[in-house]
file upload01.txt (compact mmCIF, C-alpha atoms)
# COMPACT_ATOMS: atom_id res chain seq x y z
CA MET A 1 121.75 56.13 139.02
CA VAL A 2 118.36 55.49 137.40
CA LEU A 3 116.60 56.55 140.61
CA LEU A 4 118.72 59.69 140.84
CA ILE A 5 117.84 60.64 137.26
CA ALA A 6 114.16 60.04 138.04
CA ILE A 7 114.41 62.29 141.10
CA VAL A 8 116.08 65.09 139.15
CA ALA A 9 113.41 64.80 136.45
CA LEU A 10 110.57 64.84 138.99
CA ALA A 11 112.16 67.78 140.81
CA LEU A 12 112.16 69.73 137.54
CA VAL A 13 108.52 68.73 137.02
CA PHE A 14 107.80 70.14 140.48
CA ASP A 15 109.66 73.31 139.54
CA TYR A 16 107.54 73.54 136.39
CA THR A 17 104.31 73.07 138.39
CA ASN A 18 105.60 75.66 140.84
CA GLY A 19 106.01 78.04 137.91
CA PHE A 20 102.51 77.65 136.47
CA HIS A 21 100.96 77.35 139.94
CA ASP A 22 102.61 80.58 141.08
CA THR A 23 102.31 82.58 137.85
CA ALA A 24 99.40 84.33 139.53
CA ASN A 25 101.81 85.72 142.14
CA ALA A 26 103.40 87.92 139.52
CA ILE A 27 100.72 88.71 136.99
CA ALA A 28 97.22 88.35 138.45
CA THR A 29 96.95 91.96 139.57
CA ALA A 30 98.49 93.34 136.36
CA VAL A 31 96.16 91.28 134.15
CA SER A 32 93.04 92.07 136.18
CA THR A 33 93.74 95.82 136.02
CA ARG A 34 94.55 95.53 132.27
CA ALA A 35 97.96 97.06 132.82
CA LEU A 36 99.43 94.19 130.79
CA SER A 37 97.89 91.74 128.34
CA PRO A 38 97.92 88.14 129.61
CA ARG A 39 100.66 86.98 127.22
CA ALA A 40 102.82 90.06 127.75
CA ALA A 41 102.51 89.62 131.51
CA VAL A 42 103.40 85.92 131.33
CA ALA A 43 106.40 86.59 129.06
CA LEU A 44 107.68 89.32 131.41
CA ALA A 45 107.18 87.12 134.46
CA ALA A 46 108.91 84.13 132.85
CA SER A 47 111.93 86.22 131.85
CA LEU A 48 112.36 87.79 135.29
CA ASN A 49 111.74 84.46 137.02
CA LEU A 50 114.63 83.03 135.01
CA ILE A 51 116.98 85.86 135.95
CA GLY A 52 115.94 85.84 139.60
CA ALA A 53 116.57 82.11 139.91
CA LEU A 54 120.24 82.57 139.01
CA VAL A 55 121.06 85.30 141.52
CA SER A 56 121.95 83.41 144.72
CA THR A 57 121.70 80.09 146.56
CA ASN A 58 120.94 81.28 150.10
CA VAL A 59 117.49 79.72 150.14
CA ALA A 60 118.72 76.50 148.49
CA THR A 61 121.18 76.02 151.34
CA THR A 62 118.43 76.54 153.91
CA VAL A 63 116.22 73.92 152.23
CA GLY A 64 119.01 71.36 151.88
CA LYS A 65 120.52 71.84 155.33
CA GLY A 66 118.61 72.32 158.56
CA ILE A 67 115.12 70.92 157.96
CA VAL A 68 115.91 67.19 158.01
CA ASP A 69 119.06 65.29 158.98
CA THR A 70 121.02 65.14 155.72
CA ASP A 71 122.91 62.03 156.90
CA LEU A 72 119.62 60.11 156.93
CA VAL A 73 118.34 61.27 153.55
CA THR A 74 117.97 58.56 150.89
CA LEU A 75 116.91 58.74 147.27
CA PRO A 76 113.54 56.97 147.89
CA LEU A 77 112.86 59.54 150.62
CA VAL A 78 113.52 62.47 148.27
CA LEU A 79 111.39 60.85 145.56
CA SER A 80 108.49 60.41 147.99
CA ALA A 81 108.80 64.04 149.11
CA LEU A 82 108.59 65.28 145.54
CA ILE A 83 105.57 63.11 144.72
CA GLY A 84 103.77 64.52 147.75
CA ALA A 85 104.54 68.09 146.73
CA VAL A 86 103.61 67.65 143.06
CA THR A 87 100.36 65.90 143.98
CA TRP A 88 99.25 68.75 146.24
CA ASN A 89 100.22 71.33 143.63
CA PHE A 90 97.95 69.69 141.07
CA VAL A 91 95.06 69.32 143.54
CA THR A 92 95.10 72.99 144.52
CA TRP A 93 95.64 74.11 140.91
CA TYR A 94 92.56 72.10 139.86
CA PHE A 95 90.42 73.88 142.43
CA GLY A 96 91.99 77.27 141.66
CA LEU A 97 93.39 77.75 145.17
CA PRO A 98 96.61 79.78 145.50
CA SER A 99 98.30 77.47 148.00
CA SER A 100 102.02 77.46 148.74
CA SER A 101 104.25 75.26 146.58
CA SER A 102 106.99 75.90 149.12
CA GLN A 103 104.97 74.51 152.01
CA ALA A 104 104.02 71.52 149.84
CA LEU A 105 107.69 70.75 149.25
CA PHE A 106 108.60 71.13 152.91
CA GLY A 107 105.62 69.02 153.95
CA GLY A 108 106.63 66.29 151.52
CA LEU A 109 110.20 66.26 152.84
CA ILE A 110 109.11 66.16 156.49
CA GLY A 111 106.44 63.51 155.87
CA ALA A 112 108.82 61.21 154.01
CA MET A 113 111.44 61.56 156.74
CA LEU A 114 108.88 60.80 159.46
CA ALA A 115 107.82 57.66 157.61
CA ALA A 116 111.42 56.57 157.02
CA VAL A 117 113.10 57.34 160.35
CA GLY A 118 110.62 58.92 162.75
CA VAL A 119 110.67 62.20 164.63
CA SER A 120 114.43 62.00 165.24
CA GLY A 121 115.11 62.51 161.54
CA VAL A 122 113.52 65.97 161.46
CA GLU A 123 115.42 69.07 162.62
CA TRP A 124 112.50 70.53 164.54
CA GLY A 125 114.36 73.70 165.50
CA GLY A 126 115.01 74.34 161.82
CA VAL A 127 111.37 73.59 160.97
CA VAL A 128 110.21 76.23 163.44
CA THR A 129 112.73 78.95 162.54
CA LYS A 130 113.00 78.31 158.78
CA ILE A 131 109.47 77.19 157.89
CA ILE A 132 106.85 77.96 160.55
CA LEU A 133 107.99 81.45 161.54
CA PRO A 134 108.47 82.67 157.93
CA MET A 135 105.13 81.07 157.03
CA VAL A 136 103.39 83.07 159.76
CA LEU A 137 105.35 86.31 159.54
CA SER A 138 105.59 86.84 155.77
CA PRO A 139 101.81 87.22 155.23
CA VAL A 140 101.51 89.44 158.30
CA ILE A 141 104.36 91.68 157.16
CA GLY A 142 103.06 91.61 153.56
CA PHE A 143 99.61 92.69 154.75
CA GLY A 144 101.01 95.48 156.90
CA ALA A 145 103.45 96.77 154.27
CA ALA A 146 100.73 96.81 151.60
CA TRP A 147 98.30 98.61 153.92
CA LEU A 148 100.89 101.27 154.71
CA LEU A 149 101.93 101.77 151.08
CA MET A 150 98.33 101.89 149.90
CA THR A 151 97.41 104.40 152.58
CA ALA A 152 100.36 106.58 151.56
CA LEU A 153 99.42 106.37 147.87
CA TYR A 154 95.81 107.31 148.65
CA TRP A 155 97.08 110.41 150.42
CA ILE A 156 99.36 111.32 147.46
CA VAL A 157 96.64 110.99 144.79
CA ARG A 158 93.69 112.14 146.90
CA ARG A 159 93.14 115.34 144.85
CA ARG A 160 93.71 113.84 141.40
CA SER A 161 91.09 112.50 139.03
CA PRO A 162 90.91 108.72 138.58
CA GLU A 163 91.87 108.46 134.90
CA PRO A 164 95.36 110.03 135.11
CA VAL A 165 96.02 108.02 138.26
CA ASN A 166 94.99 104.77 136.57
CA ARG A 167 97.10 105.59 133.52
CA THR A 168 100.18 106.30 135.66
CA PHE A 169 99.89 103.16 137.73
CA ARG A 170 99.20 100.96 134.72
CA GLY A 171 102.63 102.02 133.51
CA LEU A 172 104.18 101.45 136.92
CA GLN A 173 102.76 97.93 137.02
CA TRP A 174 105.30 96.92 134.38
CA PHE A 175 107.93 97.62 137.05
CA SER A 176 106.06 95.98 139.93
CA THR A 177 105.21 92.87 137.87
CA GLY A 178 108.86 92.44 136.92
CA PHE A 179 109.95 93.07 140.52
CA ILE A 180 107.74 90.37 142.02
CA ALA A 181 108.56 87.90 139.21
CA PHE A 182 112.27 88.44 139.87
CA SER A 183 111.68 87.98 143.61
CA HIS A 184 109.65 84.82 143.03
CA GLY A 185 112.39 83.28 140.90
CA GLY A 186 115.03 84.19 143.46
CA ASN A 187 113.18 82.47 146.30
CA ASP A 188 111.09 79.65 144.86
CA ALA A 189 113.43 78.14 142.25
CA GLN A 190 116.10 77.78 144.91
CA LYS A 191 113.93 75.36 146.85
CA THR A 192 114.11 72.86 144.01
CA MET A 193 117.83 73.51 143.68
CA GLY A 194 118.18 72.54 147.33
CA ILE A 195 116.23 69.30 146.87
CA ILE A 196 118.25 68.22 143.81
CA THR A 197 121.52 69.07 145.54
CA LEU A 198 120.37 67.07 148.57
CA ALA A 199 119.72 64.08 146.30
CA LEU A 200 123.15 64.45 144.68
CA LEU A 201 124.77 64.58 148.12
CA SER A 202 122.92 61.54 149.47
CA SER A 203 123.85 59.49 146.38
CA GLY A 204 127.55 60.41 146.63
CA VAL A 205 127.70 62.35 143.37
CA ILE A 206 128.94 65.42 145.27
CA ASP A 207 130.86 65.52 148.57
CA THR A 208 129.67 68.86 149.97
CA PHE A 209 126.40 70.74 149.83
CA GLU A 210 127.09 73.18 147.03
CA VAL A 211 124.59 73.78 144.24
CA PRO A 212 126.15 72.80 140.87
CA PHE A 213 125.85 75.33 138.05
CA TRP A 214 123.86 72.92 135.86
CA VAL A 215 121.29 72.55 138.65
CA LYS A 216 120.86 76.33 138.79
CA ILE A 217 120.32 76.52 135.03
CA ALA A 218 117.94 73.54 134.90
CA CYS A 219 115.78 74.83 137.77
CA ALA A 220 115.71 78.37 136.39
CA LEU A 221 114.59 77.15 132.97
CA ALA A 222 111.95 74.80 134.41
CA MET A 223 110.54 77.59 136.58
CA ALA A 224 110.48 80.00 133.63
CA ALA A 225 108.78 77.45 131.36
CA GLY A 226 106.11 76.76 133.96
CA THR A 227 105.55 80.46 134.45
CA TYR A 228 105.14 80.98 130.73
CA SER A 229 102.47 78.27 130.54
CA GLY A 230 100.33 80.28 132.97
CA GLY A 231 98.09 79.05 135.78
CA TRP A 232 94.88 80.72 134.67
CA ARG A 233 92.57 79.18 137.28
CA ILE A 234 94.58 80.68 140.13
CA ILE A 235 95.11 83.95 138.27
CA HIS A 236 91.33 84.33 138.11
CA THR A 237 91.03 83.72 141.86
CA MET A 238 93.72 86.19 142.86
CA GLY A 239 92.97 88.81 140.22
CA SER A 240 89.22 89.15 140.60
CA LYS A 241 87.69 87.01 143.34
CA ILE A 242 89.42 88.52 146.37
CA MET A 243 88.59 92.14 145.53
CA LYS A 244 88.12 94.48 142.59
CA LEU A 245 91.57 95.81 141.76
CA ASP A 246 92.52 99.12 140.19
CA PRO A 247 96.07 99.72 138.89
CA ILE A 248 97.08 101.58 142.05
CA HIS A 249 96.06 98.56 144.15
CA GLY A 250 97.95 96.16 141.90
CA PHE A 251 101.11 98.27 142.06
CA ALA A 252 100.95 98.57 145.85
CA ALA A 253 100.31 94.85 146.40
CA GLN A 254 103.04 93.69 144.02
CA THR A 255 105.67 96.15 145.26
CA SER A 256 105.01 95.39 148.93
CA ALA A 257 105.05 91.64 148.45
CA ALA A 258 108.18 91.70 146.28
CA THR A 259 110.04 93.78 148.88
CA VAL A 260 109.18 91.30 151.65
CA ILE A 261 110.28 88.37 149.48
CA GLN A 262 113.56 90.08 148.53
CA VAL A 263 114.44 90.68 152.17
CA ALA A 264 113.61 87.06 153.05
CA THR A 265 115.74 85.78 150.16
CA HIS A 266 118.68 87.90 151.27
CA PHE A 267 118.61 86.22 154.69
CA GLY A 268 117.97 82.75 153.24
CA PHE A 269 114.39 82.36 154.45
CA PRO A 270 112.20 80.22 152.12
CA VAL A 271 108.94 82.17 152.33
CA SER A 272 105.75 81.50 150.41
CA THR A 273 105.35 84.02 147.61
CA THR A 274 101.72 82.94 147.27
CA GLN A 275 100.89 83.73 150.87
CA THR A 276 102.80 87.00 150.76
CA ILE A 277 101.14 88.43 147.63
CA THR A 278 97.69 87.24 148.71
CA ALA A 279 98.12 88.93 152.08
CA ALA A 280 99.31 92.07 150.28
CA ILE A 281 96.14 92.10 148.17
CA LEU A 282 94.11 91.83 151.38
CA GLY A 283 96.18 94.67 152.82
CA VAL A 284 95.49 97.08 149.94
CA GLY A 285 91.82 96.16 150.02
CA SER A 286 91.60 96.83 153.73
CA ALA A 287 93.28 100.21 153.24
CA ARG A 288 90.37 101.20 151.00
CA ARG A 289 87.74 99.71 153.26
CA VAL A 290 87.40 96.36 155.00
CA SER A 291 84.15 95.54 153.20
CA SER A 292 85.86 95.74 149.79
CA VAL A 293 87.55 92.40 150.45
CA ARG A 294 85.63 89.18 149.85
CA TRP A 295 86.58 87.58 153.12
CA GLY A 296 84.83 84.31 152.30
CA VAL A 297 87.23 83.72 149.41
CA ALA A 298 90.13 84.76 151.66
CA GLY A 299 88.94 82.20 154.19
CA ASN A 300 88.98 79.40 151.60
CA ILE A 301 92.53 80.37 150.64
CA ALA A 302 93.57 80.35 154.30
CA VAL A 303 92.20 76.82 154.71
CA ALA A 304 94.36 75.69 151.77
CA TRP A 305 97.38 77.33 153.42
CA VAL A 306 96.79 75.48 156.69
CA LEU A 307 96.23 72.12 154.97
CA THR A 308 99.15 72.31 152.54
CA LEU A 309 102.03 71.20 154.74
CA PRO A 310 100.25 68.30 156.52
CA ALA A 311 98.48 67.16 153.33
CA ALA A 312 101.72 66.98 151.35
CA ALA A 313 103.38 65.27 154.33
CA LEU A 314 100.67 62.59 154.44
CA VAL A 315 100.92 61.90 150.70
CA ALA A 316 104.72 61.68 150.86
CA ALA A 317 104.64 59.40 153.92
CA GLY A 318 102.08 57.16 152.24
CA ILE A 319 104.17 56.94 149.05
CA TYR A 320 107.30 56.08 151.03
CA LEU A 321 105.59 53.37 153.10
CA ALA A 322 103.92 51.91 149.99
CA GLY A 323 107.30 51.79 148.26
CA VAL A 324 108.88 50.01 151.21
CA ALA A 325 106.05 47.46 151.30
CA ILE A 326 106.24 46.78 147.56
CA PHE A 327 110.00 46.74 147.08
call {"tool": "encode", "arguments": {"input": "upload01.txt", "output": "structure tokens"}}
result
Amino acid sequence: MVLLIAIVALALVFDYTNGFHDTANAIATAVSTRALSPRAAVALAASLNLIGALVSTNVATTVGKGIVDTDLVTLPLVLSALIGAVTWNFVTWYFGLPSSSSQALFGGLIGAMLAAVGVSGVEWGGVVTKIILPMVLSPVIGFGAAWLLMTALYWIVRRRSPEPVNRTFRGLQWFSTGFIAFSHGGNDAQKTMGIITLALLSSGVIDTFEVPFWVKIACALAMAAGTYSGGWRIIHTMGSKIMKLDPIHGFAAQTSAATVIQVATHFGFPVSTTQTITAAILGVGSARRVSSVRWGVAGNIAVAWVLTLPAAALVAAGIYLAGVAIF
């Protein structure tokens, strides 16, 4: 029971780090364009994250069932997975890299299972269809959707002076910021719900994989609290280092990314909100002109994306094997 309590606590810590790590997903563009003040943006994002996290459990079910063999899951394995994910979150936060908390969690779970059981413990078909394909497709679709929306908006406002356009889209960014925060809560908080429910199932506390109401509330509150604390290093990277954003760009990027995330959540796909919004920012920048994007920064972010899953897997596997050796 003590180990289960520790796992639940660490899972909520992960959810908190996910919140402050991914705050930039919702507010970076709105803050950089001065559509919202930093604290107003964080408060709005935290509130909508909380509401979004309570909407459904489609993604939680995907995380808890279909990535690893649930019959082989143990509490030490779940604990190791969470340590791997939290460690990578802190490393990338320290360096201001908007990496995927989702991929860190999946990597931790897969790495711990490989260390505990071997390749037979991983549902490789589920890994491909529920992790790899969404990881590849969501940024591509986010980029394309943002490029199309930005191109359409350019055509609509092509004969209008910049100031009225900026004023209009600063107002609209209240909507788009809330939309992507709601979408983030609906997809990302559910991943932690899935992990906690998996731990409850493996320990015999529950008999079937069904997310308890208290788990939904706890994860939603932890995500909202982390969001409210703000991840300012990553906000700076996404809001100003990738490209210079005007309000119209921020609105297009946020709306496109949030739409992609909402569709993925509806079908139970655990996509990376970080990758999706970053790709959307690249998409709106490319719609203006390719040279407006700082591709060197984008390349550094892409490296973090590629390393996230294996790095978290290695940390989790190392923690599990060290625990076995010690205890």
call {"tool": "atom_distance", "arguments": {"input": "upload01.txt", "atom1": "CA of Ala9 (chain A)", "atom2": "CA of Phe213 (chain A)"}}
result
16.4 Å
call {"tool": "residues_near_point", "arguments": {"input": "upload01.txt", "point": "(117.4, 81.1, 152.7)", "cutoff": "6 Å", "atoms": "only C-alpha atoms", "output": "PyMOL selection string"}}
result
chain A and resi 58-59+62+265+267-270
call {"tool": "residues_around", "arguments": {"input": "upload01.txt", "residues": "Glu210 (chain A)", "least_positions_apart": "3", "cutoff": "12 Å", "atoms": "all atoms listed in the file", "output": "list in words"}}
result
Ser56, Thr57, Asn58, Ala60, Thr61, Thr62, Gly64, Lys65, Met193, Gly194, Ile195, Ile196, Thr197, Leu198, Ala199, Leu200, Leu201, Val205, Ile206, Asp207, Phe213, Trp214, Val215 and Lys216 of chain A
call {"tool": "closest_residue", "arguments": {"input": "upload01.txt", "among": "A:Ala222, A:Val260, A:Ala279, A:Ala28", "to": "Gly185 (chain A)", "atoms": "all atoms listed in the file"}}
result
A:Ala222
call {"tool": "residues_around", "arguments": {"input": "upload01.txt", "residues": "Gly66 (chain A)", "least_positions_apart": "3", "cutoff": "10 Å", "atoms": "only C-alpha atoms", "output": "PyMOL selection string"}}
result
chain A and resi 61-63+69-70+122-127+129-130
call {"tool": "closest_residue", "arguments": {"input": "upload01.txt", "among": "A:Ala146, A:Val117, A:Ala224, A:Ile132", "to": "Val42 (chain A)", "atoms": "only C-alpha atoms"}}
result
A:Ala224
call {"tool": "atom_distance", "arguments": {"input": "upload01.txt", "atom1": "CA of Leu82 (chain A)", "atom2": "CA of Phe95 (chain A)"}}
result
20.3 Å
call {"tool": "closest_atom_pairs", "arguments": {"input": "upload01.txt", "of": "region 130-230 of chain A", "to": "region 14-17 of chain A", "cutoff": "9 Å", "atoms": "only C-alpha atoms", "output": "Markdown table"}}
result
| residue | atom | partner | partner_atom | distance |
| --- | --- | --- | --- | --- |
| A:Asp188 | CA | A:Asp15 | CA | 8.4 |
| A:Ala189 | CA | A:Asp15 | CA | 6.7 |
| A:Lys191 | CA | A:Asp15 | CA | 8.7 |
| A:Thr192 | CA | A:Asp15 | CA | 6.3 |
| A:Cys219 | CA | A:Asp15 | CA | 6.5 |
| A:Ala220 | CA | A:Asp15 | CA | 8.5 |
| A:Leu221 | CA | A:Tyr16 | CA | 8.6 |
| A:Ala222 | CA | A:Tyr16 | CA | 5.0 |
| A:Met223 | CA | A:Tyr16 | CA | 5.0 |
| A:Ala224 | CA | A:Tyr16 | CA | 7.6 |
| A:Ala225 | CA | A:Tyr16 | CA | 6.5 |
| A:Gly226 | CA | A:Tyr16 | CA | 4.3 |
| A:Thr227 | CA | A:Tyr16 | CA | 7.5 |
call {"tool": "atom_distance", "arguments": {"input": "upload01.txt", "atom1": "CA of Ile319 (chain A)", "atom2": "CA of Trp305 (chain A)"}}
result
21.9 Å
call {"tool": "closest_residue", "arguments": {"input": "upload01.txt", "among": "A:Leu10, A:Leu109, A:Leu72, A:Leu3", "to": "Ala313 (chain A)", "atoms": "only C-alpha atoms"}}
result
A:Leu109
call {"tool": "axis_aligned_box", "arguments": {"input": "upload01.txt", "around": "region 304-323 of chain A", "padding_each_side": "3 Å", "output": "AutoDock Vina command-line options"}}
result
--center_x 100.8 --center_y 64.6 --center_z 152.5 --size_x 18.9 --size_y 31.5 --size_z 14.4
call {"tool": "decode", "arguments": {"input": "upload01.txt", "residues": "region 114-202 of chain A", "atoms": "C-alpha atoms", "output": "compact mmCIF listing (two decimals), in the first residue's frame"}}
result
# COMPACT_ATOMS: atom_id res chain seq x y z
CA LEU A 114 11.68 -4.08 -21.26
CA ALA A 115 13.91 -4.18 -18.18
CA ALA A 116 11.40 -6.22 -16.20
CA VAL A 117 10.15 -8.76 -18.75
CA GLY A 118 11.78 -8.15 -22.12
CA VAL A 119 10.32 -7.49 -25.54
CA SER A 120 7.41 -9.87 -24.97
CA GLY A 121 5.95 -7.52 -22.36
CA VAL A 122 5.44 -4.68 -24.83
CA GLU A 123 2.41 -4.57 -27.16
CA TRP A 124 4.40 -3.51 -30.21
CA GLY A 125 1.34 -3.21 -32.44
CA GLY A 126 -0.16 -0.78 -29.94
CA VAL A 127 3.12 1.13 -29.72
CA VAL A 128 3.11 1.64 -33.48
CA THR A 129 -0.57 2.56 -33.88
CA LYS A 130 -1.09 4.47 -30.62
CA ILE A 131 2.30 6.15 -30.12
CA ILE A 132 4.52 6.19 -33.22
CA LEU A 133 1.89 7.01 -35.84
CA PRO A 134 0.24 9.81 -33.79
CA MET A 135 3.72 11.12 -32.94
CA VAL A 136 4.57 11.38 -36.64
CA LEU A 137 1.19 12.43 -38.01
CA SER A 138 0.08 15.05 -35.47
CA PRO A 139 2.94 17.49 -36.22
CA VAL A 140 2.53 16.95 -39.96
CA ILE A 141 -1.21 17.58 -39.81
CA GLY A 142 -0.70 20.50 -37.40
CA PHE A 143 1.81 22.07 -39.79
CA GLY A 144 -0.47 21.61 -42.78
CA ALA A 145 -3.61 22.85 -41.04
CA ALA A 146 -1.82 25.94 -39.73
CA TRP A 147 -0.35 26.70 -43.16
CA LEU A 148 -3.78 26.45 -44.78
CA LEU A 149 -5.53 28.56 -42.13
CA MET A 150 -2.79 31.18 -42.20
CA THR A 151 -2.90 31.36 -45.98
CA ALA A 152 -6.68 31.82 -45.85
CA LEU A 153 -6.40 34.55 -43.20
CA TYR A 154 -3.75 36.38 -45.24
CA TRP A 155 -6.15 36.41 -48.17
CA ILE A 156 -9.02 37.71 -45.98
CA VAL A 157 -7.03 40.59 -44.44
CA ARG A 158 -4.83 41.37 -47.45
CA ARG A 159 -6.40 44.82 -48.04
CA ARG A 160 -6.67 45.89 -44.40
CA SER A 161 -4.17 47.95 -42.43
CA PRO A 162 -2.10 46.13 -39.80
CA GLU A 163 -3.38 47.87 -36.66
CA PRO A 164 -7.08 46.92 -36.95
CA VAL A 165 -6.04 43.39 -37.88
CA ASN A 166 -3.75 43.11 -34.85
CA ARG A 167 -6.46 44.50 -32.58
CA THR A 168 -9.04 42.01 -33.87
CA PHE A 169 -6.80 38.99 -33.53
CA ARG A 170 -5.57 40.00 -30.09
CA GLY A 171 -9.19 39.70 -29.01
CA LEU A 172 -9.61 36.38 -30.83
CA GLN A 173 -6.55 34.99 -29.06
CA TRP A 174 -8.58 34.84 -25.85
CA PHE A 175 -10.68 32.22 -27.63
CA SER A 176 -7.78 30.34 -29.22
CA THR A 177 -5.78 30.28 -25.96
CA GLY A 178 -8.75 28.84 -24.10
CA PHE A 179 -9.39 26.34 -26.90
CA ILE A 180 -5.87 24.91 -26.89
CA ALA A 181 -5.73 24.87 -23.06
CA PHE A 182 -8.99 22.91 -22.98
CA SER A 183 -7.64 20.53 -25.63
CA HIS A 184 -4.37 20.07 -23.73
CA GLY A 185 -6.20 19.19 -20.52
CA GLY A 186 -8.45 16.76 -22.36
CA ASN A 187 -5.52 14.85 -23.86
CA ASP A 188 -2.54 15.18 -21.53
CA ALA A 189 -4.13 14.83 -18.08
CA GLN A 190 -5.72 11.58 -19.20
CA LYS A 191 -2.30 9.99 -19.67
CA THR A 192 -1.61 10.28 -15.96
CA MET A 193 -5.12 9.03 -15.21
CA GLY A 194 -4.28 5.94 -17.25
CA ILE A 195 -1.03 5.32 -15.37
CA ILE A 196 -2.65 5.67 -11.92
CA THR A 197 -5.54 3.41 -12.95
CA LEU A 198 -3.02 0.87 -14.24
CA ALA A 199 -1.28 0.92 -10.85
CA LEU A 200 -4.60 0.48 -9.04
CA LEU A 201 -5.45 -2.47 -11.29
CA SER A 202 -2.08 -4.18 -10.87
